[in-house]
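Below you'll find the structure, written out as structure tokens, and then a few comments.
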Amino acid sequence: MANELRVGGCEADLTSPGELHSAMEAGFDLSRALYGGPGKSAAEYSGAIASGVRHFSVESCGDLSRLSRAAGELGEPVAALLRINPNSAPKAKLAMSGVASQFGFEEEELRSLGARIHEFASAEVKLAGFHLYWGTQIAEIDAILASFEKTVELADELATIAGIEIGILNLGGGFAWPYAHRGQGTDPSPLREGLAGIHARSGASRSAEWWFESGRYLAGSSGMLVSRVMEVKRSKDDRWFLILDTGIHHLGGMAGLGRIPRFSIDLIVPESRIGAGTRVVDVVGPLCTPLDCLAKRLELPVVEPGDLVAIPNVGAYGATASVGAFLSRPAPPEVLHRDGEILAIHRLRTGHERVR
Ligand SMILES: Cc1ncc(COP(=O)(O)O)c(C=O)c1O
């Protein structure tokens, strides 16, 4: 999958040593990759720099200091993009900027620091631009364009205040694609014209490279979770439970733990079951906790134990966004296929590593 994205012209956007490893295996040019995320340790920075990563999104003065130390010790020149948390929020399903969050420098903080931000950068670190990621699933093109326009205005202003020559402006994305539901995302092609206008109106940002980040729009449709119906159980008050051999340890675990609102799913059932009556069911998994619930009160064609069912559009945030180690149940095999031919099978590894 990562290899397909590379061949299609993407660069790598990284946020962990595991993602760095995948990008390396897929043959990405790591000197063009961007490594971001809050709370990066000095060891993480050193590992990434030693592997060839040269661009980092930094989220605070402390983060910039840790990057500076790591780059100084290795004597390697790197570029830092300052991640901004602006004052206003976007129209996103999950706003990650413009709200109180752990992400980025507060807009006001950068304004009041001004050129003093350079004091946190060692000689090896060039402050090369800005990064602003507003949030995910911004479904309307006009809302995405409004967020990009705001990003450019802020970058132009802050570049002047801080004395930064913008070489790279990372405008983020938020390009929508359904998650665990049938269907497709918003067609992004109208962005081209709007972006051309924003580019023409921009100031210091105009000569920069403009970068964008996308997760689910690119990867979501590539994955479908196939599962077997283990039991169909009738319980009190005529409530029905569809017990699958998959659950929150494979999908949506963060929702199961109450970390984000519970999501709903589409469940694709065998064609032979369609048209022979429906039943309202809770779709649950095999874990010993009532939290292991993928959907409540879903009306579905009646299925039987042994049937295969499938959840579409989970190629992004599937197994890696779940509580995979919970109860030490096995991770699902991930089968990569094209035109009916199986190309590779992977399984996420969990377990305990002896450290002493
Ligand atoms: C900084 C950053 N960039 C990109 C993404 C990818 O988001 P999406 O899958 O909505 O494209 C995320 C997701 O949380 C993110 O935090």
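To be explicit about the labels: the chains of the structure tokens are called A, B, and onward in the order shown, and within each one the residues are counted from 1, while ligands get numbers from 1 in the order they are shown.
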Practice task
Could you give me, as a PyMOL selection string, each residue of stretch 100-250 of chain A that DSSP assigns to helix (DSSP H, G or I) when run on this structure's backbone?
Solution key: chain A and resi 107-120+141-162+191-201+204-207+216-222+236-238
Sorted by chain and rising residue number, which residues of chain A lie within 6 Å of ligand 1, and what are their closest atom pairs and distances in Å to one decimal, counting only C-alpha atoms and all ligand atoms, as JSON lines?
{"residue": "A:Tyr133", "atom": "CA", "partner": "ligand 1", "partner_atom_place_in_ligand_line": "1 (C)", "distance": 5.3}
{"residue": "A:Thr136", "atom": "CA", "partner": "ligand 1", "partner_atom_place_in_ligand_line": "10 (O)", "distance": 3.8}
{"residue": "A:Gln137", "atom": "CA", "partner": "ligand 1", "partner_atom_place_in_ligand_line": "10 (O)", "distance": 5.4}
{"residue": "A:Gly172", "atom": "CA", "partner": "ligand 1", "partner_atom_place_in_ligand_line": "3 (N)", "distance": 5.9}
{"residue": "A:Gly174", "atom": "CA", "partner": "ligand 1", "partner_atom_place_in_ligand_line": "10 (O)", "distance": 4.5}
{"residue": "A:Phe175", "atom": "CA", "partner": "ligand 1", "partner_atom_place_in_ligand_line": "11 (O)", "distance": 5.5}
{"residue": "A:Glu213", "atom": "CA", "partner": "ligand 1", "partner_atom_place_in_ligand_line": "4 (C)", "distance": 5.0}
{"residue": "A:Ser214", "atom": "CA", "partner": "ligand 1", "partner_atom_place_in_ligand_line": "11 (O)", "distance": 3.6}
{"residue": "A:Gly215", "atom": "CA", "partner": "ligand 1", "partner_atom_place_in_ligand_line": "9 (O)", "distance": 3.4}
{"residue": "A:Arg216", "atom": "CA", "partner": "ligand 1", "partner_atom_place_in_ligand_line": "9 (O)", "distance": 3.9}
{"residue": "A:Tyr217", "atom": "CA", "partner": "ligand 1", "partner_atom_place_in_ligand_line": "11 (O)", "distance": 5.9}
Practice task
Skip stretch 5-18 of chain A itself and residues of its chain fewer than 2 positions away, then list as a ChimeraX atom specification all residues within 6 Å of it, counting only C-alpha atoms.
Solution key: /A:2-3,20-21,33-37
Store the residues picked out above in a file with C-alpha atoms, as a short mmCIF file (atom, residue, chain, number, x, y, z; two decimals), in the first residue's frame.
data_model
loop_
_atom_site.label_atom_id
_atom_site.label_comp_id
_atom_site.auth_asym_id
_atom_site.auth_seq_id
_atom_site.Cartn_x
_atom_site.Cartn_y
_atom_site.Cartn_z
CA ALA A 2 2.72 2.49 1.04
CA ASN A 3 4.65 1.49 -2.07
CA LEU A 20 9.28 5.52 9.61
CA HIS A 21 10.15 1.84 9.27
CA ALA A 33 9.44 13.06 4.39
CA LEU A 34 7.89 15.15 7.17
CA TYR A 35 8.03 13.82 10.74
CA GLY A 36 5.54 15.36 13.17
CA GLY A 37 3.48 14.86 16.30
#
Exercise for the section: For atom CA of A:Thr186 and atom CA of A:Arg297, quote the distance in Å rounded to one decimal. Expected result: 27.9 Å
Practice task
Within 7 Å of stretch 81-87 of chain A, counting only C-alpha atoms, which residues show up once you throw out same-chain ones fewer than 3 positions away? Write them as a PyMOL selection string, please.
Solution key: chain A and resi 56-59+97-98+103-107+127-132
Could you write out the selected residues, including C-alpha atoms, as an mmCIF file, in the first residue's frame?
data_model
loop_
_atom_site.group_PDB
_atom_site.id
_atom_site.type_symbol
_atom_site.label_atom_id
_atom_site.label_comp_id
_atom_site.auth_asym_id
_atom_site.auth_seq_id
_atom_site.Cartn_x
_atom_site.Cartn_y
_atom_site.Cartn_z
ATOM 1 C CA PHE A 56 10.209 18.026 11.067
ATOM 2 C CA SER A 57 7.020 19.666 12.217
ATOM 3 C CA VAL A 58 7.758 21.179 15.634
ATOM 4 C CA GLU A 59 4.980 21.952 18.085
ATOM 5 C CA SER A 97 -6.804 23.344 15.518
ATOM 6 C CA GLY A 98 -8.511 26.541 16.592
ATOM 7 C CA PHE A 103 -1.041 20.479 18.988
ATOM 8 C CA GLY A 104 1.201 23.285 17.838
ATOM 9 C CA PHE A 105 2.294 26.721 18.993
ATOM 10 C CA GLU A 106 -0.610 28.972 19.899
ATOM 11 C CA GLU A 107 -0.956 31.698 17.276
ATOM 12 C CA LEU A 127 13.237 27.395 10.488
ATOM 13 C CA ALA A 128 11.905 26.661 7.028
ATOM 14 C CA GLY A 129 8.204 27.420 7.216
ATOM 15 C CA PHE A 130 4.886 26.608 8.839
ATOM 16 C CA HIS A 131 2.457 23.726 9.266
ATOM 17 C CA LEU A 132 -1.232 23.964 10.021
#
Problem - Interatomic distance, atom CA of A:Asp245 to atom CA of A:Leu287 (Å, one decimal) - result: 9.1 Å
Problem - Selection: 8 Å around A:Glu153, only C-alpha atoms, excl. self and same-chain fewer than 4 positions, as a PyMOL selection string - result: chain A and resi 149+157+202
Fill in the blank from the handout: atom CA of A:Ala43 to atom CA of A:Glu119 measures 21.7 Å
Practice task
Pick out the residues sitting within 9 Å of A:Val226, and hand them over as number ranges by chain; count only C-alpha atoms, and ignore anything fewer than 5 positions along from it in its own chain.
Solution key: A: 246, 308-312
Just-selected residues, all heavy atoms written as a short mmCIF file (atom, residue, chain, number, x, y, z; two decimals), in the first residue's frame:
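Below is the file that was written, out_28.cif:
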data_model
loop_
_atom_site.label_atom_id
_atom_site.label_comp_id
_atom_site.auth_asym_id
_atom_site.auth_seq_id
_atom_site.Cartn_x
_atom_site.Cartn_y
_atom_site.Cartn_z
N THR A 246 -14.56 -10.34 15.02
CA THR A 246 -13.77 -9.11 15.04
C THR A 246 -14.45 -8.12 15.97
O THR A 246 -15.65 -8.26 16.25
CB THR A 246 -13.65 -8.51 13.62
OG1 THR A 246 -12.66 -7.49 13.62
CG2 THR A 246 -14.97 -7.89 13.15
N LEU A 308 -20.06 -14.77 6.16
CA LEU A 308 -19.02 -13.74 6.14
C LEU A 308 -19.69 -12.40 5.92
O LEU A 308 -20.57 -12.26 5.07
CB LEU A 308 -18.02 -14.00 5.00
CG LEU A 308 -17.02 -15.13 5.23
CD1 LEU A 308 -16.15 -15.32 3.99
CD2 LEU A 308 -16.14 -14.86 6.45
N VAL A 309 -19.27 -11.40 6.70
CA VAL A 309 -19.80 -10.04 6.55
C VAL A 309 -18.59 -9.11 6.42
O VAL A 309 -17.46 -9.50 6.74
CB VAL A 309 -20.67 -9.65 7.77
CG1 VAL A 309 -21.94 -10.45 7.80
CG2 VAL A 309 -19.90 -9.82 9.08
N ALA A 310 -18.82 -7.87 5.97
CA ALA A 310 -17.68 -6.99 5.73
C ALA A 310 -18.00 -5.54 6.06
O ALA A 310 -19.14 -5.08 5.87
CB ALA A 310 -17.24 -7.10 4.28
N ILE A 311 -16.99 -4.83 6.57
CA ILE A 311 -17.11 -3.39 6.87
C ILE A 311 -16.23 -2.66 5.86
O ILE A 311 -15.02 -2.90 5.80
CB ILE A 311 -16.66 -3.09 8.31
CG1 ILE A 311 -17.48 -3.92 9.30
CG2 ILE A 311 -16.79 -1.60 8.61
CD1 ILE A 311 -16.94 -3.90 10.72
N PRO A 312 -16.83 -1.77 5.04
CA PRO A 312 -16.04 -1.14 3.97
C PRO A 312 -15.27 0.09 4.44
O PRO A 312 -15.51 0.61 5.54
CB PRO A 312 -17.13 -0.71 2.97
CG PRO A 312 -18.32 -0.42 3.84
CD PRO A 312 -18.25 -1.38 5.01
#
Fill in the blank from the handout: For A:Thr289, the closest of A:Ile248, A:Ala321, A:Ala331, A:Val355 counting only C-alpha atoms is A:Ile248
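The list of residues with at least one atom within 10 Å of A:Ala89, based on only C-alpha atoms and without residues fewer than 5 positions apart in the same chain, reads Ala95, Met96, Ser97, Gly98, Val99, Ala100, Trp134, Gly135 and Ser147 of chain A.
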Proximity check stretch 290-355 of chain A to stretch 229-238 of chain A, 7 Å, nearest pairs one decimal Å, only C-alpha atoms, as a Markdown table:
| residue | atom | partner | partner_atom | distance |
| --- | --- | --- | --- | --- |
| A:Glu304 | CA | A:Val232 | CA | 6.7 |
| A:Pro305 | CA | A:Val229 | CA | 4.8 |
| A:Gly306 | CA | A:Val229 | CA | 5.3 |
| A:Asp307 | CA | A:Val229 | CA | 5.4 |
| A:Leu308 | CA | A:Val229 | CA | 6.3 |
Export of the given selection (C-alpha atoms) as a CSV table (one decimal), in the first residue's frame:
chain,number,residue,atom,x,y,z
A,304,GLU,CA,-26.7,-16.9,10.3
A,305,PRO,CA,-23.6,-18.1,12.1
A,306,GLY,CA,-20.9,-19.0,9.6
A,307,ASP,CA,-21.8,-16.1,7.2
A,308,LEU,CA,-19.0,-13.7,6.1
